[in-house]
Amino acid sequence: MISYEPLWNTLKEKNVSQYQLINQYKVSAGQLSRLRKNANVFTHTLDVLCEILGCELHEIALYQKELK
């Protein structure tokens with residue numbers, strides 16, 4: 001499973017709010033909602049977030065093996 005928990009920490013560190021992502025950077029509110037739920041998102045969204053935050057993918061997403 002992909003977890004986007006690192007994203008929320010990176011946003012805090014970079015002092016960027018979800019409001020800014022939506023209104024200033026035009027990130028879809030729907031995509032942010034999907035990120036909050038650790039649901040599927042477009043790789044384009046991940047690319048845009050890395051560009052906005054000046055970070056690497058591992059700073060916004062993390063792979064966690066699911067326990068079965």
# chains A, B, ... in the order shown; residues from 1 in each chain; ligands from 1

$ residues_around --residues "Met1 in chain A" --least-positions-apart "2" --cutoff "12 Å" --atoms "only C-alpha atoms" --output "PyMOL selection string"
chain A and resi 3-5+37-40+61-68

$ residues_around --residues "range 48-58 of chain A" --least-positions-apart "4" --cutoff "9 Å" --atoms "only C-alpha atoms" --output "PyMOL selection string"
chain A and resi 6-7+10-11+14+16+21+25+27+43-44+62-63

$ write_last_selection --atoms "all heavy atoms" --output "short mmCIF file (atom, residue, chain, number, x, y, z; two decimals), in the first residue's frame"
data_model
loop_
_atom_site.label_atom_id
_atom_site.label_comp_id
_atom_site.auth_asym_id
_atom_site.auth_seq_id
_atom_site.Cartn_x
_atom_site.Cartn_y
_atom_site.Cartn_z
N PRO A 6 3.93 10.94 4.59
CA PRO A 6 5.06 11.87 4.51
C PRO A 6 4.70 13.22 3.89
O PRO A 6 5.31 14.24 4.21
CB PRO A 6 6.09 11.13 3.65
CG PRO A 6 5.75 9.70 3.80
CD PRO A 6 4.24 9.66 3.94
N LEU A 7 3.69 13.23 3.02
CA LEU A 7 3.28 14.48 2.38
C LEU A 7 2.87 15.52 3.41
O LEU A 7 3.27 16.68 3.32
CB LEU A 7 2.12 14.24 1.41
CG LEU A 7 1.45 15.50 0.84
CD1 LEU A 7 2.42 16.34 0.04
CD2 LEU A 7 0.22 15.12 0.03
N THR A 10 5.83 16.95 5.13
CA THR A 10 6.58 17.81 4.22
C THR A 10 5.87 19.15 4.02
O THR A 10 6.52 20.20 3.99
CB THR A 10 6.82 17.11 2.87
OG1 THR A 10 7.54 15.89 3.12
CG2 THR A 10 7.61 17.98 1.92
N LEU A 11 4.55 19.12 3.92
CA LEU A 11 3.80 20.37 3.80
C LEU A 11 4.06 21.28 5.01
O LEU A 11 4.27 22.48 4.86
CB LEU A 11 2.30 20.09 3.67
CG LEU A 11 1.82 19.58 2.32
CD1 LEU A 11 0.36 19.15 2.41
CD2 LEU A 11 2.00 20.62 1.24
N LYS A 14 7.60 22.70 4.88
CA LYS A 14 7.76 23.71 3.83
C LYS A 14 6.80 24.89 4.00
O LYS A 14 6.80 25.83 3.21
CB LYS A 14 7.53 23.08 2.44
CG LYS A 14 8.42 21.89 2.14
CD LYS A 14 9.80 22.31 1.77
CE LYS A 14 10.62 21.07 1.37
NZ LYS A 14 11.85 21.41 0.74
N VAL A 16 3.54 25.06 3.62
CA VAL A 16 2.58 25.14 2.52
C VAL A 16 1.28 24.50 3.00
O VAL A 16 1.28 23.37 3.50
CB VAL A 16 3.10 24.41 1.26
CG1 VAL A 16 2.05 24.42 0.16
CG2 VAL A 16 4.39 25.05 0.77
N LEU A 21 -2.23 24.92 -1.92
CA LEU A 21 -2.12 23.94 -3.01
C LEU A 21 -3.30 24.07 -3.97
O LEU A 21 -3.13 24.03 -5.18
CB LEU A 21 -2.06 22.52 -2.45
CG LEU A 21 -0.77 22.11 -1.75
CD1 LEU A 21 -0.90 20.70 -1.18
CD2 LEU A 21 0.42 22.21 -2.67
N TYR A 25 -1.64 26.96 -6.39
CA TYR A 25 -0.96 26.03 -7.29
C TYR A 25 -1.91 25.21 -8.15
O TYR A 25 -1.48 24.40 -8.96
CB TYR A 25 -0.03 25.11 -6.50
CG TYR A 25 1.06 25.85 -5.78
CD1 TYR A 25 1.02 26.03 -4.40
CD2 TYR A 25 2.13 26.40 -6.48
CE1 TYR A 25 2.03 26.71 -3.74
CE2 TYR A 25 3.14 27.08 -5.83
CZ TYR A 25 3.08 27.23 -4.46
OH TYR A 25 4.08 27.92 -3.80
N VAL A 27 -3.86 22.65 -7.52
CA VAL A 27 -3.95 21.21 -7.29
C VAL A 27 -5.42 20.91 -7.02
O VAL A 27 -6.08 21.62 -6.27
CB VAL A 27 -3.06 20.76 -6.11
CG1 VAL A 27 -3.28 19.30 -5.78
CG2 VAL A 27 -1.60 21.04 -6.41
N THR A 43 0.03 9.95 -11.25
CA THR A 43 1.45 10.21 -11.05
C THR A 43 1.76 11.68 -11.39
O THR A 43 2.68 12.26 -10.82
CB THR A 43 2.33 9.28 -11.90
OG1 THR A 43 1.94 9.36 -13.27
CG2 THR A 43 2.22 7.84 -11.41
N HIS A 44 0.97 12.27 -12.26
CA HIS A 44 1.13 13.69 -12.57
C HIS A 44 0.98 14.53 -11.30
O HIS A 44 1.73 15.48 -11.08
CB HIS A 44 0.11 14.13 -13.62
CG HIS A 44 0.12 15.60 -13.87
ND1 HIS A 44 1.11 16.23 -14.60
CD2 HIS A 44 -0.72 16.58 -13.46
CE1 HIS A 44 0.87 17.53 -14.63
NE2 HIS A 44 -0.23 17.77 -13.95
N LEU A 62 5.16 6.81 0.60
CA LEU A 62 5.90 5.73 1.25
C LEU A 62 5.20 4.41 0.95
O LEU A 62 3.97 4.32 1.06
CB LEU A 62 5.92 5.97 2.77
CG LEU A 62 6.46 4.89 3.67
CD1 LEU A 62 7.96 4.74 3.47
CD2 LEU A 62 6.15 5.22 5.11
N TYR A 63 5.96 3.41 0.56
CA TYR A 63 5.40 2.09 0.36
C TYR A 63 5.40 1.33 1.67
O TYR A 63 6.42 1.26 2.35
CB TYR A 63 6.20 1.29 -0.69
CG TYR A 63 5.74 -0.14 -0.78
CD1 TYR A 63 4.55 -0.47 -1.40
CD2 TYR A 63 6.49 -1.16 -0.20
CE1 TYR A 63 4.11 -1.79 -1.45
CE2 TYR A 63 6.07 -2.47 -0.25
CZ TYR A 63 4.87 -2.78 -0.87
OH TYR A 63 4.44 -4.08 -0.93
#

$ atom_distance --atom1 "CA of Leu35 in chain A" --atom2 "CA of Gln18 in chain A"
11.3 Å
